[in-house]
Amino acid sequence: MNDALQRLLDTLTAFLSENPLVGAWYTTAARFVFPLLALMILVGAIRSLWKVKHPDEVWAYLGLTNGVRLPVTHWENIIGRAPACDLQMEYPSVSRQHAALIRENDGSWTVYDLDSKGGVQVNDLDVDGYAVVNDGDTLTFGGVPAVLIPVGAEEKRAQIAERRAEGRPAGMWGALVLLTLFQVMTALQLIIAAGDKATTAIPLTFLAFTAVCWGYFIVLRSFRRIGFEMETIAFFLCTLSLAVTGSGAPKELPKQLAAILMGLVIFLILGFFLRDLTRTQKVRWVMAAGAIGLLAITLLIGKEVYGAKAWIVIGSFSFQPSELAKICYIFAGAATLDRLFQKRNLTMFIVLTAVCGGCLALMNDFGTALIFFVTFLVIAYLRSGDFATLALICTGCGLGGLILLKMKTHVAARFASWGHVWEDVYDKGFQQTHAMTAAASGGMIGVGAGKGWLTGVPAADTDLVFALLCEEWGLVIAVLSVLCILTLAVFAVRACRAGRSSFYTIAACAATSLLVFQTCLNVFGAVDILPLTGVTLPFVSNGGSSMLSAWGMLAFLKATDTRQNASFAVKLVSRRELRGEG
């Protein structure tokens, strides 16, 4: 097959060399078609994620003696007098945060006493810490009784039908066909741009990736899964990643494809693993140890590149462990509701953050350290809600940062050139001035994939990839790529309202904060709005480690999707229930 493809490629390149106007006309036409295709691919997914409804799921009811039934709409619920409680009981004897009612994976329930004044009883027996609750049991909160009432079969079927109607996702097949056309046209454009230097790696890589996209959708759809907006966005951004890799480093196309495939595998494995919160909690310490271990190993045997000792190099293979450490860190940092009320739980997370931050500082990888710190702030706030403590931490870290600038001259030099890159275009401002010039030359539709000159500048397809997108693909597609990341963030924030567990909520908010902040550092750093920190653009930059991290973050976001049959976190409803049978 490879020989046949090589002969076909030789014939095509020979024809294009004899008829250069054909390639020129194709590039000209493709420059206008690509933005239209991108808009048609993404508009449905983006609109769906921005406007999708997240209907409440009723798992049970608390029946009060006055006939009122309080719907239990989460796996984890705070019961109390405060308006912010999931189940509000406005009785003087009930504490503001009285108890937590938590659903286990097998469908059973557990009630936790949150150091309430009036206490908690189950069937008139005092609860010392926590107790198992069965359907029909009577729970008493500060002398106020309530019965746990299960959802009936008929109501459950009606709820499933209602959630399917309200949470209807965007169609996927049309977007998939358009994405395939986009990928085919991109491969052809890269071949035209490479001329006689084109290799079979270009068509083979894009053909394989197209097959993966179709295979993923077909297999999951055969299992009755729906809601593929996130994956459509990710596949589109990965197509751009292959495009910038084919333009700047065509020999690395197979390696980048392998990274995308490995990232997809991590996405599926992590998503499946998140379905069982009991199992998830058991490996939190393993994940914490994994984050520290990855950074510690890099500190010991890592290789310094561009001033940061962040890479492990084995022969021709290089790897950045801190990218996988991001996944482990968020996994370890998220917590279920029952653990949020344990004070030492937050303390241990602060210790984990301090160790990770210390390792990154010793590695001189301050861009990644800054990303970890922002992620820490998000997780710490969601776990504690304590602004005073976070303000104190920020103040301390700010003072530490000022001391760091005095000690690390290369970091201080980056900050010194911030906002002044045009004053030193041949040294400290070389990368950013070239990036901004190239970005401006691309206009709205770009000069064509593979036709740009920024690829000759170091880190053009990694740290400066936004400028490369602007140059070769145009401002429309470059802005769309950023809008894709922002759309994932909007979806995560809106989905958290109906989140089943605080673990999913915290992990999703932390993951999306990481993606958005990293995107801001990459985009604004390339155009000198922020200092150039050397971080990648999620899903787009050339780099295997970054790609694995981006897909891992997407798994946390996918787990928050509460639409029927769309979430990783809940098993599929049986076909008997869908047919309305008992």
# chains A, B, ... in the order shown; residues from 1 in each chain; ligands from 1

call {"tool": "closest_atom_pairs", "arguments": {"of": "range 241-284 of chain A", "to": "range 105-115 of chain A", "cutoff": "12 Å", "atoms": "only C-alpha atoms", "output": "CSV"}}
result
residue,atom,partner,partner_atom,distance
A:Leu274,CA,A:Asn105,CA,11.3
A:Arg275,CA,A:Asn105,CA,8.6
A:Asp276,CA,A:Asn105,CA,6.4
A:Leu277,CA,A:Asn105,CA,7.0
A:Thr278,CA,A:Asn105,CA,7.2
A:Arg279,CA,A:Asn105,CA,9.6
A:Thr280,CA,A:Asn105,CA,11.2

call {"tool": "select_by_dssp", "arguments": {"residues": "range 241-466 of chain A", "states": "strand (DSSP E)", "output": "ChimeraX atom specification"}}
result
/A:303-305,308-314,317-319

call {"tool": "write_last_selection", "arguments": {"atoms": "C-alpha atoms", "output": "PDB file, in the first residue's frame"}}
result
ATOM      1  CA  LYS A 303      17.462  17.424  30.620  1.00  0.00           C
ATOM      2  CA  GLU A 304      17.511  21.193  30.461  1.00  0.00           C
ATOM      3  CA  VAL A 305      15.900  22.720  27.366  1.00  0.00           C
ATOM      4  CA  ALA A 308      14.048  24.598  32.105  1.00  0.00           C
ATOM      5  CA  LYS A 309      14.982  21.119  33.298  1.00  0.00           C
ATOM      6  CA  ALA A 310      11.604  19.740  32.290  1.00  0.00           C
ATOM      7  CA  TRP A 311      12.374  16.963  29.802  1.00  0.00           C
ATOM      8  CA  ILE A 312      13.365  13.340  30.033  1.00  0.00           C
ATOM      9  CA  VAL A 313      15.246  12.274  26.908  1.00  0.00           C
ATOM     10  CA  ILE A 314      15.794   8.627  25.997  1.00  0.00           C
ATOM     11  CA  PHE A 317      12.337  10.033  22.446  1.00  0.00           C
ATOM     12  CA  SER A 318      11.648  13.059  24.665  1.00  0.00           C
ATOM     13  CA  PHE A 319       8.923  13.427  27.235  1.00  0.00           C
TER      14      PHE A 319
END

call {"tool": "closest_residue", "arguments": {"among": "A:Ala249, A:Leu139, A:Leu362, A:Val132", "to": "Val120 in chain A", "atoms": "only C-alpha atoms"}}
result
A:Leu139

call {"tool": "select_by_dssp", "arguments": {"residues": "range 123-164 of chain A", "states": "helix (DSSP H, G or I)", "output": "PyMOL selection string"}}
result
chain A and resi 153-164

call {"tool": "residues_around", "arguments": {"residues": "Val374 in chain A", "least_positions_apart": "5", "cutoff": "12 Å", "atoms": "only C-alpha atoms", "output": "ChimeraX atom specification"}}
result
/A:326,330,353,357,367-369,379-381,390,393-394,397,509-518,521

call {"tool": "closest_residue", "arguments": {"among": "A:Asn522, A:Ser95, A:Thr298, A:Gln189", "to": "Val244 in chain A", "atoms": "only C-alpha atoms"}}
result
A:Gln189

call {"tool": "residues_around", "arguments": {"residues": "Leu49 in chain A", "least_positions_apart": "5", "cutoff": "8 Å", "atoms": "only C-alpha atoms", "output": "PyMOL selection string"}}
result
chain A and resi 229+487-488+490-491

call {"tool": "write_last_selection", "arguments": {"atoms": "N, CA, C and O atoms", "output": "short mmCIF file (atom, residue, chain, number, x, y, z; two decimals), in the first residue's frame"}}
result
data_model
loop_
_atom_site.label_atom_id
_atom_site.label_comp_id
_atom_site.auth_asym_id
_atom_site.auth_seq_id
_atom_site.Cartn_x
_atom_site.Cartn_y
_atom_site.Cartn_z
N GLU A 229 -20.13 16.75 21.25
CA GLU A 229 -19.64 18.10 20.93
C GLU A 229 -18.18 18.30 21.38
O GLU A 229 -17.38 18.89 20.66
N THR A 487 -15.37 27.69 25.08
CA THR A 487 -16.65 26.99 25.07
C THR A 487 -16.65 25.83 26.06
O THR A 487 -17.63 25.60 26.77
N LEU A 488 -15.55 25.09 26.10
CA LEU A 488 -15.44 24.00 27.08
C LEU A 488 -15.55 24.54 28.50
O LEU A 488 -16.17 23.92 29.38
N VAL A 490 -17.18 27.34 29.46
CA VAL A 490 -18.56 27.73 29.71
C VAL A 490 -19.42 26.51 30.01
O VAL A 490 -20.25 26.51 30.93
N PHE A 491 -19.22 25.44 29.24
CA PHE A 491 -19.98 24.22 29.47
C PHE A 491 -19.73 23.67 30.87
O PHE A 491 -20.67 23.27 31.57
#

call {"tool": "residues_around", "arguments": {"residues": "Ile292 in chain A", "least_positions_apart": "5", "cutoff": "12 Å", "atoms": "only C-alpha atoms", "output": "list in words"}}
result
Trp285, Val286, Met287, Ile297, Thr298, Leu299, Pro321, Ser322, Leu324, Ala325, Lys326, Ile327, Cys328, Tyr329, Ala332, Val351, Leu352, Thr353, Ala354, Val355, Cys356, Gly357, Gly358, Cys359 and Leu360 of chain A

call {"tool": "residues_around", "arguments": {"residues": "range 145-162 of chain A", "least_positions_apart": "5", "cutoff": "6 Å", "atoms": "only C-alpha atoms", "output": "PyMOL selection string"}}
result
chain A and resi 60-64+135-140

call {"tool": "closest_residue", "arguments": {"among": "A:Ile350, A:Ala334, A:Ile41, A:Ala82", "to": "Val177 in chain A", "atoms": "only C-alpha atoms"}}
result
A:Ile41

call {"tool": "closest_atom_pairs", "arguments": {"of": "range 15-48 of chain A", "to": "range 449-468 of chain A", "cutoff": "12 Å", "atoms": "only C-alpha atoms", "output": "CSV"}}
result
residue,atom,partner,partner_atom,distance
A:Gly23,CA,A:Lys451,CA,11.8
A:Ala24,CA,A:Lys451,CA,10.9
A:Tyr26,CA,A:Ala449,CA,11.6
A:Thr27,CA,A:Ala449,CA,8.4
A:Thr28,CA,A:Ala449,CA,10.9
A:Ala30,CA,A:Ala449,CA,9.4
A:Arg31,CA,A:Ala449,CA,8.5
A:Phe34,CA,A:Ala449,CA,10.2

call {"tool": "residues_around", "arguments": {"residues": "Asp3 in chain A", "least_positions_apart": "6", "cutoff": "12 Å", "atoms": "only C-alpha atoms", "output": "PyMOL selection string"}}
result
chain A and resi 9-10+199-200+204

call {"tool": "closest_residue", "arguments": {"among": "A:Ala335, A:Val421, A:Thr562, A:Lys117", "to": "Val283 in chain A", "atoms": "only C-alpha atoms"}}
result
A:Ala335

call {"tool": "atom_distance", "arguments": {"atom1": "CA of Ser481 in chain A", "atom2": "CA of Arg47 in chain A"}}
result
14.6 Å

call {"tool": "closest_residue", "arguments": {"among": "A:Val425, A:Leu242, A:Val493, A:Leu264", "to": "Gly543 in chain A", "atoms": "only C-alpha atoms"}}
result
A:Leu242

call {"tool": "closest_atom_pairs", "arguments": {"of": "range 148-267 of chain A", "to": "range 526-537 of chain A", "cutoff": "12 Å", "atoms": "only C-alpha atoms", "output": "tab-separated table"}}
result
residue	atom	partner	partner_atom	distance
A:Leu237	CA	A:Leu537	CA	10.0
A:Cys238	CA	A:Leu537	CA	11.1
A:Leu240	CA	A:Leu537	CA	11.2
A:Ser241	CA	A:Leu537	CA	9.6
A:Val244	CA	A:Leu537	CA	11.9
